[in-house]
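Before any comments, here is the structure.
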Number of protein chains: 2
Amino acid sequence: MADIQESKESLSESLQQVISLLEKHKLIEGLVHKQEMAKHDLVESIVHKQNLSELQKKLDLLHTADVAYILEALPLEQRLDVWELVKVERDGDILLEVSDAVRQTLIADMDTDELLAAAEQLDTDELADLAPDLPKDVLQELLDSLDTQNRARLQSALSYSEDAVGAIMDFDIVTIREDITLEVALRYMRRLGVLPDHTDKLFVVDRDDILLGVLPLKRLVVNDLAANVSDVMAIDAVVFHPQDIADEAAKAFERYDLVTAPVVDNNNKLVGRVTVDAVMDFIRDETESDMLSMAGLREEEDFFASVWKSVQNRWAWLAINLVTAIVASRVIGLFEGSIEKIVALAALMPIVAGIGGNSGNQTTTMIVRGLALGQVASHNMQSLITKELGVALFNGLIWGGVLAVIASVIYSNYHLGLVMMAAMTLNLLLAAIMGVMIPLIMNKFGRDPAVGSSVLITAVTDSGGFFIFLGLATIFLI
Amino acid sequence: MADIQESKESLSESLQQVISLLEKHKLIEGLVHKQEMAKHDLVESIVHKQNLSELQKKLDLLHTADVAYILEALPLEQRLDVWELVKVERDGDILLEVSDAVRQTLIADMDTDELLAAAEQLDTDELADLAPDLPKDVLQELLDSLDTQNRARLQSALSYSEDAVGAIMDFDIVTIREDITLEVALRYMRRLGVLPDHTDKLFVVDRDDILLGVLPLKRLVVNDLAANVSDVMAIDAVVFHPQDIADEAAKAFERYDLVTAPVVDNNNKLVGRVTVDAVMDFIRDETESDMLSMAGLREEEDFFASVWKSVQNRWAWLAINLVTAIVASRVIGLFEGSIEKIVALAALMPIVAGIGGNSGNQTTTMIVRGLALGQVASHNMQSLITKELGVALFNGLIWGGVLAVIASVIYSNYHLGLVMMAAMTLNLLLAAIMGVMIPLIMNKFGRDPAVGSSVLITAVTDSGGFFIFLGLATIFLI
């Protein structure tokens with residue numbers, strides 16, 4: 001039995017072993033080079049080869065997912081050294097396992113023949129995942145090499161957006177007819193000899209591949225062998241269409257605890273299936289890309305990407321923030337006269353802006369979550385805004401009050417304290433309103449509210465906070 | 001066939017229907033009350049009852065998960081109205097489906113008898129999920145009502161932390177012996193009549209319940225009926241221990257595409273199993289609590305929670321931010337003399353601080369992700385910091401240069417521009433170093449780096465940015 005604790009330890013151990021074997025290998029190459037020893041010096045060459053073959057043996061023993069893990073964790077040069085040693089028939093599966101960023105570095109290192117050989121090992125649905133990263137000419141050659149059915153499948157899979165069920169479905173479907181007995185069905189299974197991964201149910205279709213129901217293996221093994229498939233099959237299975245939104249499908253998998261589900265076209269003809277592992281991969285990818293986007297990383301960044309690549313990945317967000325910061329700076333600029341008179345305003349204004357941003361982000365996070373769960377709807381908008389305004393008012397008076405006392409003490413000026421409290425309360429109310437409105441508006445226009453909301457909120461509460469605080473100060477203190 | 005598009009539409013439709021039925025019901029109650037009509041006025045009473053029974057019928061037809069969805073989407077009062085109408089034998093399952101926050105509101109509305117009746121419908125592992133939310137006396141009564149085996153199971157499940165495999169495992173295991181033929185195994189299945197959800201494999205144990213291997217149903221149905229279980233079973237299955245970290249188990253499920261996996265104690269005795277749906281729920285919960293924590297929401301907040309509850313949930317984060325903002329404000333306070341002389345400093349300083357915070361958060365997000373994927377290790381620390389410093393230097397010079405030009409033009413002072421550029425570059429370098437170090441240090445001390453890192457980074461880049469900019473200005477411009 002593979003013990004998970006052990007397997008986890010052995011994964012980082014494996015990584016360490018690979019690294020030390022690589023280092024030995026490099027060391028010897030370095031020696032050969034440095035001391036100008038003949039490159040074919042017998043002894044060195046043997047040690048060198050031993051190292052490499054030891055490494056290769058190590059890699060051959062590892063699970064595909066574990067080789068992918070090691071490739072991810074290695075800097076580019078070492079990564080390509082290891083990649084060279086991976087058996088060509090595993091290339092395809094490993095390319096599927098690694099992240100997009102690492103996949104690109106690996107593919108860039110392969111020539112057309114290697115890529116075609118790797119692609120040959122894959123199923124059509126797997127090819128569809130790989131295809132966007134392949135050079136155009138390789139993809140064309142690949143399409144030419146497929147039989148008609150698989151070419152059609154690949155082309156249709158490529159035609160769906162990556163957010164559609166069509167992009168995550170596979171074609172490993174086992175179908176049976178409804179008018180046979182379970183005994184016949186079992187005999188048919190035995191003739192197949194092996195069932196695709198994750199097969200928890202067989203799909204019952206008529207002669208035109210129209211889906212009639214599903215027969216879970218669980219039912220197949222517990223029911224009377226003389227029963228007909230049609231008596232035992234489930235006809236209320238959850239069914240998807242290729243054009244369905246993958247995120248909705250993922251929610252259905254969670255909601256109804258599915259392992260696999262059939263995908264049918266508009267005529268109810270069975271075209272593929274979705275499995276829970278594809279759904280989990282999809283959810284993981286979505287979550288990660290949300291996390292990255294929230295920090296303004298445009299795409300997955302190879303951990304060992306060059307400085308230049310990283311700069312490209314990150315610049316857009318910094319540019320947007322620079323613009324909003326300059327706007328806020330100009331708002332302050334409007335009140336330079338007031339700041340010259342009461343310099344304490346300069347020290348206090350970032351507090352008002354900062355707390356507003358934090359509070360607004362809390363509100364937005366609640367709304368984004370409510371939108372994702374489908375809880376936000378027109379019938380509860382009003383109670384929602386009322387509540388957020390209530391929270392803002394409370395926090396403004398309490399925290400604003402605390403700040404007012406602190407500011408009054410430091411600057412011996414209780415008028416300043418009162419302005420501080422008023423500004424804080426008003427900016428929190430602004431944050432509450434914007435915190436509700438911004439994600440709702442983004443959602444309305446079909447944008448992902450998780451991504452840009454935080455920048456927008458902060459922009460509003462910064463400029464707004466400076467304006468409110470300095471404006472009140474100018475009116476009441478100058 | 002349940003079409004997913006239809007089922008999604010019908011879910012929000014169902015919600016609308018429930019709401020309008022509730023409103024009708026309220027309207028009539030209101031009428032009865034307002035016009036002081038006799039409460040038992042025959043006609044009204046009948047309409048009233050019709051409404052309720054229509055609503056009840058509607059609810060009875062909905063899937064448990066869908067009733068949970070509707071309860072989540074309703075404000076407290078309406079939620080409890082609907083909850084009253086739910087059949088008591090479904091209470092337990094629905095309590096499991098709703099979020100923690102909503103569960104608490106529902107449980108608060110139930111008396112001991114209702115809670116015990118709901119609990120009776122549940123399996124031991126489900127009870128374990130519910131138990132933390134139950135009043136102490138109800139939990140005790142529940143324990144007393146269980147038989148010895150189930151009481152022991154529940155107590156052991158409750159003893160694991162919620163991050164352990166023990167907390168997500170269930171006890172729905174079907175075991176067989178290794179020395180029987182597949183034919184006998186199939187006959188045994190048929191005698192059982194029904195297999196637990198997600199059963200994709202049978203667990204092969206000896207008479208002491210020691211796990212010997214697993215028999216996937218897939219293999220059971222394709223192999224020769226005369227073969228022995230021991231010939232067909234897999235002996236290299238991934239196995240967990242109850243004390244294993246659930247997050248590691250989740251990763252193993254993703255890595256090895258598992259549907260179920262056995263859980264054994266230290267003597268390799270089978271104690272339970274983990275299913276992919278429990279893993280998906282766990283992942284979803286983890287992700288959500290990460291997202292909430294990142295915005296400083298301490299726990300899941302019922303969407304319709306009272307202002308007071310929301311304030312409690314959010315105050316800690318605001319307090320922390322208030323403290324860091326006051327520190328930054330005091331840093332500015334040190335340089336009030338300089339600001340009095342050049343008031344432009346006040347307008348420009350938030351830009352330096354803000355961009356530093358954004359850039360630092362980008363770095364931190366990369367590191368947090370690398371830590372989660374196990375890519376960050378001692379062997380690549382140096383190349384990582386070098387790269388981040390490179391990115392920071394580049395951005396500092398470019399964006400700092402842009403800002404320098406803008407500041408020079410606005411304030412007709414190119415010295416100010418140069419100070420701006422230098423401060424920007426230094427603060428971005430500071431952000432890069434802290435962006436790498438802070439999550440690593442938090443991780444080292446066993447804290448979740450996803451949660452507090454962003455506050456800390458922003459605190460450092462705010463105070464640091466103000467100090468660097470105003471310090472440089474004081475040295476070179478005053």
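Going through the structure tokens in order, the chains are called A, B, and so on, while each chain numbers its residues from 1 and the ligands are numbered from 1 in the order shown.
Non-sequential neighbours of Gly464 (chain B) (distance at most 8 Å, separation of 5 or more positions within a chain, only C-alpha atoms) are Ala353, Asn427 and Leu430 of chain B.
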Neighbouring residues of Lys218 (chain B) were defined as those with any atom within 9 Å, considering only C-alpha atoms; residues of the same chain fewer than 6 positions away were excluded. Please report them as number ranges by chain.
A: 189, 194-200, 217; B: 200-201
Counting only C-alpha atoms, which of A:Val238, A:Leu371, A:Ser383, A:Ala344 gets nearest to Ala305 (chain B)?
A:Ser383
Can you list every residue in region 87-271 of chain A that DSSP puts in alpha helix (DSSP H), as a PyMOL selection string?
chain A and resi 88-97+100-108+112-120+124-130+136-145+148-159+165-168+182-192+217-222+229-232+246-256
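Among the candidate residues B:Ala227, B:Val222, B:Ala316, B:Leu270, the one lying nearest to Phe240 (chain B) is B:Leu270, with distances computed using only C-alpha atoms.
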Neighbouring residues of region 250-266 of chain B were defined as those with any atom within 9 Å, considering only C-alpha atoms; residues of the same chain fewer than 2 positions away were excluded. Please report them as a PyMOL selection string.
(chain A and resi 4+8+63+65-66+97+197-198+259+276-278+280-281) or (chain B and resi 165-166+169+173+198-201+203+210-211+214+237-243+245-248+268-277+279-280+282-283)
Mind dumping the selected residues with N, CA and C atoms as a compact mmCIF listing (two decimals), in the first residue's frame?
```txt
# COMPACT_ATOMS: atom_id res chain seq x y z
N ILE A 4 0.40 7.63 2.25
CA ILE A 4 0.47 9.01 1.74
C ILE A 4 1.58 9.79 2.41
N LYS A 8 4.52 11.46 0.34
CA LYS A 8 4.80 12.89 0.33
C LYS A 8 6.27 13.13 0.64
N HIS A 63 5.81 8.40 -10.62
CA HIS A 63 4.50 8.66 -11.22
C HIS A 63 4.58 9.91 -12.10
N ALA A 65 2.65 12.38 -12.46
CA ALA A 65 2.37 13.62 -11.74
C ALA A 65 3.58 14.05 -10.92
N ASP A 66 4.36 13.08 -10.46
CA ASP A 66 5.51 13.41 -9.62
C ASP A 66 6.67 13.95 -10.47
N GLU A 97 0.36 17.40 -17.36
CA GLU A 97 0.34 17.58 -15.91
C GLU A 97 0.95 18.91 -15.48
N ASP A 197 -10.59 5.10 -17.03
CA ASP A 197 -10.51 5.66 -15.68
C ASP A 197 -11.83 6.33 -15.30
N HIS A 198 -12.15 6.27 -14.03
CA HIS A 198 -13.31 6.96 -13.48
C HIS A 198 -14.64 6.44 -13.99
N VAL A 259 -19.51 11.73 -10.09
CA VAL A 259 -18.18 11.24 -10.45
C VAL A 259 -17.96 11.40 -11.96
N VAL A 276 -14.97 13.76 -12.69
CA VAL A 276 -14.72 14.59 -11.52
C VAL A 276 -13.28 15.08 -11.47
N ASP A 277 -12.34 14.32 -12.04
CA ASP A 277 -10.95 14.80 -11.97
C ASP A 277 -10.75 15.99 -12.89
N ALA A 278 -11.43 15.99 -14.05
CA ALA A 278 -11.36 17.16 -14.92
C ALA A 278 -12.00 18.37 -14.23
N MET A 280 -12.18 18.85 -10.96
CA MET A 280 -11.28 19.33 -9.90
C MET A 280 -10.13 20.15 -10.49
N ASP A 281 -9.58 19.68 -11.61
CA ASP A 281 -8.51 20.46 -12.26
C ASP A 281 -9.03 21.83 -12.66
N VAL B 165 -7.45 14.23 8.01
CA VAL B 165 -8.22 13.27 7.21
C VAL B 165 -9.35 12.67 8.04
N GLY B 166 -9.10 12.44 9.34
CA GLY B 166 -10.12 11.89 10.22
C GLY B 166 -11.41 12.68 10.21
N MET B 169 -13.28 11.85 6.68
CA MET B 169 -13.54 10.47 6.26
C MET B 169 -14.97 10.05 6.63
N ILE B 173 -17.98 1.77 4.24
CA ILE B 173 -17.04 0.90 3.56
C ILE B 173 -17.64 -0.48 3.32
N HIS B 198 -20.65 6.73 -4.19
CA HIS B 198 -19.23 6.85 -4.56
C HIS B 198 -18.45 5.56 -4.42
N THR B 199 -19.12 4.43 -4.20
CA THR B 199 -18.37 3.19 -4.13
C THR B 199 -17.79 2.89 -5.51
N ASP B 200 -16.48 3.07 -5.65
CA ASP B 200 -15.83 2.71 -6.90
C ASP B 200 -14.91 1.53 -6.68
N LYS B 201 -14.72 1.15 -5.42
CA LYS B 201 -13.87 0.02 -5.11
C LYS B 201 -14.31 -0.63 -3.81
N PHE B 203 -13.02 -2.79 -0.41
CA PHE B 203 -11.79 -2.90 0.36
C PHE B 203 -11.57 -4.35 0.75
N ILE B 210 -7.47 -5.97 8.68
CA ILE B 210 -6.23 -5.41 8.14
C ILE B 210 -6.40 -5.29 6.63
N LEU B 211 -6.09 -4.11 6.11
CA LEU B 211 -6.28 -3.85 4.68
C LEU B 211 -5.23 -4.59 3.85
N VAL B 214 -7.30 -3.27 -2.64
CA VAL B 214 -8.61 -2.75 -3.02
C VAL B 214 -9.03 -3.40 -4.32
N ALA B 237 -2.67 0.73 -3.80
CA ALA B 237 -3.60 1.85 -3.65
C ALA B 237 -3.03 2.90 -2.70
N VAL B 238 -3.40 4.13 -2.92
CA VAL B 238 -3.02 5.22 -2.01
C VAL B 238 -3.86 5.08 -0.74
N VAL B 239 -3.21 5.14 0.40
CA VAL B 239 -3.85 4.91 1.68
C VAL B 239 -3.61 6.11 2.59
N PHE B 240 -4.60 6.50 3.37
CA PHE B 240 -4.42 7.61 4.30
C PHE B 240 -4.53 7.13 5.74
N HIS B 241 -4.01 7.95 6.66
CA HIS B 241 -4.22 7.75 8.09
C HIS B 241 -5.12 8.87 8.60
N PRO B 242 -5.90 8.59 9.66
CA PRO B 242 -6.83 9.64 10.14
C PRO B 242 -6.10 10.91 10.54
N GLN B 243 -4.87 10.79 11.00
CA GLN B 243 -4.16 12.00 11.45
C GLN B 243 -3.43 12.73 10.33
N ILE B 245 -2.75 15.17 7.20
CA ILE B 245 -3.28 16.49 6.92
C ILE B 245 -4.25 16.41 5.73
N ALA B 246 -5.46 16.91 5.91
CA ALA B 246 -6.48 16.77 4.87
C ALA B 246 -6.05 17.44 3.57
N ASP B 247 -5.31 18.54 3.68
CA ASP B 247 -4.88 19.25 2.49
C ASP B 247 -3.93 18.38 1.65
N GLU B 248 -3.07 17.61 2.32
CA GLU B 248 -2.18 16.70 1.59
C GLU B 248 -3.01 15.62 0.90
N ASN B 268 -2.49 -0.65 10.16
CA ASN B 268 -3.01 -0.96 8.84
C ASN B 268 -4.42 -1.53 8.89
N LYS B 269 -5.10 -1.30 9.98
CA LYS B 269 -6.49 -1.74 10.11
C LYS B 269 -7.39 -0.70 9.46
N LEU B 270 -8.31 -1.17 8.63
CA LEU B 270 -9.21 -0.27 7.91
C LEU B 270 -10.17 0.42 8.88
N VAL B 271 -10.20 1.75 8.88
CA VAL B 271 -11.10 2.46 9.79
C VAL B 271 -12.13 3.31 9.05
N GLY B 272 -11.93 3.57 7.78
CA GLY B 272 -12.89 4.39 7.06
C GLY B 272 -12.41 4.63 5.64
N ARG B 273 -13.05 5.59 4.98
CA ARG B 273 -12.63 5.93 3.63
C ARG B 273 -12.82 7.43 3.41
N VAL B 274 -12.09 7.94 2.43
CA VAL B 274 -12.30 9.32 2.01
C VAL B 274 -12.87 9.27 0.60
N THR B 275 -13.88 10.12 0.33
CA THR B 275 -14.46 10.16 -1.01
C THR B 275 -14.15 11.49 -1.67
N VAL B 276 -14.20 11.48 -2.98
CA VAL B 276 -13.84 12.69 -3.74
C VAL B 276 -14.80 13.83 -3.45
N ASP B 277 -16.06 13.55 -3.10
CA ASP B 277 -16.97 14.67 -2.84
C ASP B 277 -16.62 15.36 -1.52
N VAL B 279 -13.59 15.52 -0.44
CA VAL B 279 -12.39 16.27 -0.78
C VAL B 279 -12.74 17.57 -1.48
N MET B 280 -13.70 17.52 -2.41
CA MET B 280 -14.10 18.75 -3.11
C MET B 280 -14.70 19.75 -2.14
N PHE B 282 -14.02 19.98 0.96
CA PHE B 282 -12.90 20.49 1.76
C PHE B 282 -12.13 21.57 1.01
N ILE B 283 -11.82 21.28 -0.28
CA ILE B 283 -11.08 22.25 -1.08
C ILE B 283 -11.86 23.56 -1.19
```
Of the residues B:Ala404, B:Ala450, B:Leu220, B:Ala117, which is the one nearest to Thr364 (chain B), using only C-alpha atoms?
B:Ala450
Can you work out which one of B:Asp448, B:Asp244, B:Asp133, B:Asp208 has the shortest atom-to-atom distance to Ser289 (chain B), counting only C-alpha atoms?
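Closest residue, counting only C-alpha atoms: B:Asp448.
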